[in-house]
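Asks: One structure follows; several queries about it will come next.
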Amino acid sequence: MKLWSKLFILTVSLVLMLNFSALAADKGNFSTKPTTNNGKKWRIGYFEGGEYNAYQYNMVGIINGLMSTGWIEQTAIPPQTGEQTKYLWQWLGNNAKSQYIEFVQDAHYSGNWNDETIGKIVSDIINRLNNTKDIDLMIAAGTKAGLGIANDKHHTSTIVISTTDPLSAGIIKSIQDSGYDHIHARVDPYRHERQINIFHDIIGFKKLGMAYLNTDQGRSFASFDSVKKISEKRDFEIVSCYTTDESPNVKDDEESVKKCFHELGKKVDAIYVTAQNGVNQNSIPELVKIAHQYKIPTFSQTHSDEVKYGFLMSVSSANYSYVGEFYAKTIAKIFNGAKPRQLDQVFEGPPKIAINLKTAEIIGYDPPVDVLSAADEMFQEITTPKKD
């Protein structure tokens, strides 16, 4: 593909992003200026279905966004390990200085991807919000958490972050309307279509492999409908392999993805690496080896850290700073009197790409100049993930 063609695609993506965003807007003019809750600090809680690196990245982005807008004093956030948010939350409670907000230390909840545990936590949170009433805003990270508390069982302001598709998951009523005055969930309606379009532009695959849990929720996490839509337009075949997900033992999920990578490696000429528990810092090195074994180019659905660890390409991690700023401003507007439902839910990250040049060498892909010029991040080596 010629350089002008690649730049044209990225320009069109950006124009579509700006045009679509212009269709949605806040239903009112709301300040983001730091303010107290009638002289007291606003109290924030957090809930996740389980540990996932994207939740950690989003939270770091939110904290940086709150610092840049003056809600928290500027300070360096220490490097985070693994996929946890627990230690980040503890650090915030002990080190973040603010006259305006407090990260309540006993209001960090993680369900460890266990449905029974998640159900109990949801009940505890809703009881706390309705009866104790000591939390002013909840952050719900991911689809599980969003489905648990983005409802009318309470009336505490709640923002849902880091979901693959909150609309198809049933968290919100529509792109423009959450359905509840106290609920807000960020939407990037064409994110995965953009990813597949760019991946196909670069690789030109005829058969795209996808490993995912074959349930409504699993297909939602994998953005299967978006990929199918692009496959029909561009005339490539989707080859599916079904995994387990959210098993009591995460290693079972990891092994199911590894098995699928072996199966797909014999059938396809590219793999779209979808978000699921079996794709994590423990399993990625082995998944990368399998993809390398079959000389298969890969695109991570989630973020560029997975490119650093050896998948061929993904969106750039720079997106998390933009997204974090969006969430931070949303929180600021809520604390300045906006109802979450009144605020724009649409925010599309800029079309920035990451590529691993060592992986490209191993699988025999020689990226042309136009692809390299379109990359925001380029990794020269494959890094081993750091674990907790």
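In the structure tokens, each chain is lettered A, B, ... as it comes, each chain's residues begin at 1, and ligands are numbered from 1 in order of appearance.
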Can you tell me, as a PyMOL selection string, which residues in region 125-328 of chain A count as strand (DSSP E) by DSSP?

Replies: chain A and resi 137-141+157-161+183-185+207-212+237-242+270-273+298-300+313-315

Asks: Find the residues around region 113-122 of chain A up to 7 Å (only C-alpha atoms counted), leave out those fewer than 3 positions away in its own chain, and share them as a list in words.

Replies: Gly49, Gly50, Ile125, Ile126, Gly148, Ile149, Glu246 and Pro248 of chain A

Asks: A:Tyr272, A:Lys40, A:Gly278, A:Ser162: which is nearest Ser256 (chain A), counting only C-alpha atoms?

Replies: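 Ranking A:Tyr272, A:Lys40, A:Gly278, A:Ser162 by distance to Ser256 (chain A), first place goes to A:Gly278.
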
Asks: Give the answer as one residue: which of A:Asn53, A:Asn37, A:Ser220, A:Asn127 has the shortest atom-to-atom distance to Gln99 (chain A), using only C-alpha atoms?

Replies: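 Nearest to Gln99 (chain A): A:Asn37.
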
Asks: Kindly assemble as JSON lines a list of the region 125-236 of chain A residues that lie within 10 Å of region 346-366 of chain A, each paired with its nearest atom pair and their distance in Å to one decimal, using only C-alpha atoms, sorted first by chain and then by ascending residue number.

Replies:
{"residue": "A:Ile175", "atom": "CA", "partner": "A:Val346", "partner_atom": "CA", "distance": 7.0}
{"residue": "A:Gln176", "atom": "CA", "partner": "A:Val346", "partner_atom": "CA", "distance": 7.5}
{"residue": "A:Ala185", "atom": "CA", "partner": "A:Val346", "partner_atom": "CA", "distance": 8.7}
{"residue": "A:Arg186", "atom": "CA", "partner": "A:Val346", "partner_atom": "CA", "distance": 5.9}
{"residue": "A:Val187", "atom": "CA", "partner": "A:Val346", "partner_atom": "CA", "distance": 4.8}
{"residue": "A:Asp188", "atom": "CA", "partner": "A:Glu348", "partner_atom": "CA", "distance": 4.9}
{"residue": "A:Pro189", "atom": "CA", "partner": "A:Val346", "partner_atom": "CA", "distance": 7.7}
{"residue": "A:Tyr190", "atom": "CA", "partner": "A:Glu348", "partner_atom": "CA", "distance": 7.9}
{"residue": "A:Arg191", "atom": "CA", "partner": "A:Glu348", "partner_atom": "CA", "distance": 7.0}
{"residue": "A:Arg194", "atom": "CA", "partner": "A:Pro351", "partner_atom": "CA", "distance": 8.0}
{"residue": "A:Gln195", "atom": "CA", "partner": "A:Pro351", "partner_atom": "CA", "distance": 8.7}
{"residue": "A:Ile198", "atom": "CA", "partner": "A:Ile353", "partner_atom": "CA", "distance": 9.2}
{"residue": "A:Ile203", "atom": "CA", "partner": "A:Tyr365", "partner_atom": "CA", "distance": 9.0}

Asks: Excluding Tyr55 (chain A) and residues on its chain fewer than 5 positions from it, collect all residues at most 10 Å away from it, counting only C-alpha atoms, and give them as a PDB file with N, CA and C atoms, in the first residue's frame.

Replies:
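And here's part_25.pdb as it stands now:
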ATOM      1  N   GLU A  48     -14.369  -3.822  40.080  1.00  0.00           N
ATOM      2  CA  GLU A  48     -13.991  -4.557  38.871  1.00  0.00           C
ATOM      3  C   GLU A  48     -14.390  -6.015  39.028  1.00  0.00           C
ATOM      4  N   GLY A  50     -12.666  -8.463  38.006  1.00  0.00           N
ATOM      5  CA  GLY A  50     -11.421  -9.155  38.293  1.00  0.00           C
ATOM      6  C   GLY A  50     -10.280  -8.326  37.739  1.00  0.00           C
ATOM      7  N   VAL A  60      -4.808   4.657  35.684  1.00  0.00           N
ATOM      8  CA  VAL A  60      -3.638   5.547  35.649  1.00  0.00           C
ATOM      9  C   VAL A  60      -3.948   6.767  34.780  1.00  0.00           C
ATOM     10  N   GLY A  61      -4.628   6.530  33.636  1.00  0.00           N
ATOM     11  CA  GLY A  61      -5.017   7.637  32.775  1.00  0.00           C
ATOM     12  C   GLY A  61      -5.964   8.595  33.466  1.00  0.00           C
ATOM     13  N   GLU A  83      -1.443  -6.922  36.736  1.00  0.00           N
ATOM     14  CA  GLU A  83      -2.689  -6.389  36.215  1.00  0.00           C
ATOM     15  C   GLU A  83      -3.571  -5.770  37.292  1.00  0.00           C
ATOM     16  N   GLN A  84      -3.049  -5.667  38.500  1.00  0.00           N
ATOM     17  CA  GLN A  84      -3.849  -5.253  39.644  1.00  0.00           C
ATOM     18  C   GLN A  84      -4.149  -3.757  39.642  1.00  0.00           C
ATOM     19  N   THR A  85      -5.232  -3.380  40.342  1.00  0.00           N
ATOM     20  CA  THR A  85      -5.517  -1.976  40.673  1.00  0.00           C
ATOM     21  C   THR A  85      -5.491  -1.768  42.182  1.00  0.00           C
ATOM     22  N   ALA A 140     -16.989   1.753  37.738  1.00  0.00           N
ATOM     23  CA  ALA A 140     -17.192   0.330  37.445  1.00  0.00           C
ATOM     24  C   ALA A 140     -16.328  -0.022  36.248  1.00  0.00           C
ATOM     25  N   ALA A 141     -15.329  -0.873  36.460  1.00  0.00           N
ATOM     26  CA  ALA A 141     -14.369  -1.206  35.410  1.00  0.00           C
ATOM     27  C   ALA A 141     -14.752  -2.514  34.733  1.00  0.00           C
ATOM     28  N   GLY A 142     -15.081  -2.424  33.452  1.00  0.00           N
ATOM     29  CA  GLY A 142     -15.365  -3.625  32.669  1.00  0.00           C
ATOM     30  C   GLY A 142     -16.832  -4.000  32.623  1.00  0.00           C
ATOM     31  N   ILE A 161     -16.161   2.208  32.909  1.00  0.00           N
ATOM     32  CA  ILE A 161     -14.965   2.391  32.094  1.00  0.00           C
ATOM     33  C   ILE A 161     -14.512   1.060  31.498  1.00  0.00           C
ATOM     34  N   SER A 162     -13.722   1.137  30.433  1.00  0.00           N
ATOM     35  CA  SER A 162     -12.999  -0.009  29.878  1.00  0.00           C
ATOM     36  C   SER A 162     -13.903  -1.187  29.536  1.00  0.00           C
ATOM     37  N   THR A 163     -14.991  -0.905  28.806  1.00  0.00           N
ATOM     38  CA  THR A 163     -15.832  -1.988  28.302  1.00  0.00           C
ATOM     39  C   THR A 163     -15.638  -2.113  26.795  1.00  0.00           C
TER      40      THR A 163
END

Asks: Excluding Ala338 (chain A) and its own-chain neighbours fewer than 5 positions away, which residues fall within 8 Å of it when counting only C-alpha atoms? Please give them as an mmCIF file with N, CA, C and O atoms, in the first residue's frame.

Replies:
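Contents of out24.cif, as written:
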data_model
loop_
_atom_site.group_PDB
_atom_site.id
_atom_site.type_symbol
_atom_site.label_atom_id
_atom_site.label_comp_id
_atom_site.auth_asym_id
_atom_site.auth_seq_id
_atom_site.Cartn_x
_atom_site.Cartn_y
_atom_site.Cartn_z
ATOM 1 N N PHE A 30 -21.230 22.440 31.515
ATOM 2 C CA PHE A 30 -20.816 22.038 32.858
ATOM 3 C C PHE A 30 -19.325 22.313 33.046
ATOM 4 O O PHE A 30 -18.511 22.002 32.189
ATOM 5 N N LYS A 333 -17.239 17.047 35.753
ATOM 6 C CA LYS A 333 -18.544 17.642 35.431
ATOM 7 C C LYS A 333 -19.633 17.125 36.372
ATOM 8 O O LYS A 333 -20.530 17.870 36.781
ATOM 9 N N LEU A 343 -24.212 13.754 30.054
ATOM 10 C CA LEU A 343 -22.877 13.928 29.478
ATOM 11 C C LEU A 343 -22.651 13.024 28.279
ATOM 12 O O LEU A 343 -23.111 11.882 28.236
#

Asks: Extract the full set of alpha helix (DSSP H) residues from region 120-252 of chain A according to DSSP on the backbone, and format it as an MDAnalysis selection string.

Replies: chainID A and resid 120:127 142:149 191:203 216:221 224:234 250:252

Asks: Please list as a PyMOL selection string every residue within 9 Å of Ala291 (chain A), counting only C-alpha atoms and excluding residues in the same chain fewer than 4 positions away.

Replies: chain A and resi 261-262+265+271+286-287+295-298+311+363

Asks: Now that the selection is made, can you save its residues with C-alpha atoms as a PDB file, in the first residue's frame?

Replies:
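As a result, part12.pdb now contains:
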ATOM      1  CA  PHE A 261      -3.840 -20.625  18.680  1.00  0.00           C
ATOM      2  CA  HIS A 262      -2.409 -23.999  17.606  1.00  0.00           C
ATOM      3  CA  GLY A 265      -2.198 -21.409  13.200  1.00  0.00           C
ATOM      4  CA  ILE A 271      -5.181 -13.727  14.162  1.00  0.00           C
ATOM      5  CA  GLU A 286       3.493 -18.782  25.006  1.00  0.00           C
ATOM      6  CA  LEU A 287       0.797 -17.405  22.689  1.00  0.00           C
ATOM      7  CA  LYS A 295       4.452 -17.312  11.062  1.00  0.00           C
ATOM      8  CA  ILE A 296       1.079 -15.711  11.801  1.00  0.00           C
ATOM      9  CA  PRO A 297       0.667 -11.905  12.080  1.00  0.00           C
ATOM     10  CA  THR A 298      -1.382 -10.898  15.112  1.00  0.00           C
ATOM     11  CA  PHE A 311       2.115  -9.645  19.186  1.00  0.00           C
ATOM     12  CA  ILE A 363       7.350 -14.162  11.055  1.00  0.00           C
TER      13      ILE A 363
END

Asks: Write out as an MDAnalysis selection string which residues come within 10 Å of Ile238 (chain A) when counting only C-alpha atoms, dropping same-chain ones fewer than 5 positions away.

Replies: chainID A and resid 206:210 224 227:228 231:232 268 270:272

Asks: Take the residues just selected and output them with C-alpha atoms as a compact mmCIF listing (two decimals), in the first residue's frame.

Replies:
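Ended up saving to part-v4.txt:
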# COMPACT_ATOMS: atom_id res chain seq x y z
CA LYS A 206 -7.96 -13.96 3.44
CA LYS A 207 -8.68 -15.93 6.61
CA LEU A 208 -8.78 -14.20 10.00
CA GLY A 209 -8.64 -16.33 13.13
CA MET A 210 -10.54 -15.43 16.29
CA PHE A 224 -17.49 -10.46 16.76
CA VAL A 227 -15.45 -8.06 12.72
CA LYS A 228 -18.17 -9.92 10.81
CA SER A 231 -15.43 -9.34 6.75
CA GLU A 232 -18.54 -9.09 4.61
CA VAL A 268 -5.50 -18.90 8.95
CA ALA A 270 -3.78 -13.71 10.60
CA ILE A 271 -5.18 -13.73 14.16
CA TYR A 272 -7.20 -11.02 15.92

Asks: Using only C-alpha atoms, determine which residues lie at most 9 Å from Tyr242 (chain A), disregarding the query and same-chain residues fewer than 5 positions distant; provide the list as a PyMOL selection string.

Replies: chain A and resi 210-214+256-257+260

Asks: Restricting the output to all heavy atoms, write the selected residues as a compact mmCIF listing (two decimals), in the first residue's frame.

Replies:
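Listing of again_18.txt after writing:
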# COMPACT_ATOMS: atom_id res chain seq x y z
N MET A 210 -10.08 -16.04 15.05
CA MET A 210 -10.54 -15.43 16.29
C MET A 210 -10.82 -16.52 17.31
O MET A 210 -11.54 -17.48 17.03
CB MET A 210 -11.82 -14.62 16.07
CG MET A 210 -11.65 -13.39 15.20
SD MET A 210 -13.22 -12.47 15.01
CE MET A 210 -13.50 -11.91 16.71
N ALA A 211 -10.24 -16.37 18.51
CA ALA A 211 -10.50 -17.30 19.61
C ALA A 211 -11.31 -16.55 20.66
O ALA A 211 -10.91 -15.49 21.13
CB ALA A 211 -9.18 -17.79 20.21
N TYR A 212 -12.47 -17.10 21.03
CA TYR A 212 -13.35 -16.40 21.96
C TYR A 212 -14.35 -17.38 22.57
O TYR A 212 -14.55 -18.49 22.07
CB TYR A 212 -14.11 -15.27 21.26
CG TYR A 212 -14.92 -15.71 20.06
CD1 TYR A 212 -16.26 -16.09 20.18
CD2 TYR A 212 -14.35 -15.77 18.80
CE1 TYR A 212 -17.00 -16.51 19.09
CE2 TYR A 212 -15.07 -16.19 17.69
CZ TYR A 212 -16.40 -16.55 17.84
OH TYR A 212 -17.12 -16.98 16.75
N LEU A 213 -14.97 -16.96 23.67
CA LEU A 213 -16.02 -17.75 24.31
C LEU A 213 -17.29 -17.63 23.49
O LEU A 213 -17.75 -16.52 23.20
CB LEU A 213 -16.25 -17.24 25.73
CG LEU A 213 -17.33 -17.94 26.56
CD1 LEU A 213 -16.92 -19.36 26.87
CD2 LEU A 213 -17.60 -17.16 27.85
N ASN A 214 -17.89 -18.76 23.13
CA ASN A 214 -19.05 -18.75 22.23
C ASN A 214 -20.35 -18.57 23.01
O ASN A 214 -21.22 -19.44 23.07
CB ASN A 214 -19.09 -20.04 21.42
CG ASN A 214 -20.13 -19.98 20.30
OD1 ASN A 214 -20.44 -18.90 19.81
ND2 ASN A 214 -20.67 -21.13 19.92
N SER A 256 -6.97 -23.05 27.09
CA SER A 256 -7.94 -23.10 26.00
C SER A 256 -7.55 -22.14 24.87
O SER A 256 -7.74 -22.45 23.69
CB SER A 256 -9.36 -22.77 26.51
OG SER A 256 -9.51 -21.40 26.79
N VAL A 257 -6.99 -20.99 25.23
CA VAL A 257 -6.54 -20.04 24.20
C VAL A 257 -5.32 -20.59 23.48
O VAL A 257 -5.21 -20.49 22.25
CB VAL A 257 -6.24 -18.65 24.81
CG1 VAL A 257 -5.81 -17.69 23.71
CG2 VAL A 257 -7.47 -18.10 25.52
N CYS A 260 -6.40 -23.07 20.98
CA CYS A 260 -7.00 -22.41 19.82
C CYS A 260 -5.94 -21.79 18.92
O CYS A 260 -6.06 -21.82 17.69
CB CYS A 260 -8.00 -21.34 20.27
SG CYS A 260 -9.66 -22.00 20.60

Asks: Just to confirm, what's the straight-line distance from CA of Ala25 (chain A) to CA of Tyr320 (chain A) in Å (one decimal)?

Replies: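 Spanning CA of Ala25 (chain A) to CA of Tyr320 (chain A) is a straight-line distance of 21.1 Å.
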
Asks: Rounded to one decimal place, report the CA of Phe205 (chain A)-CA of His292 (chain A) distance in Å.

Replies: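 We find that CA of Phe205 (chain A) and CA of His292 (chain A) lie 16.4 Å from each other.
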
Asks: Find, counting only C-alpha atoms, the residue in A:Gly82, A:Pro368, A:Met67, A:Ser123 that gets nearest to Asn282 (chain A).

Replies: A:Gly82
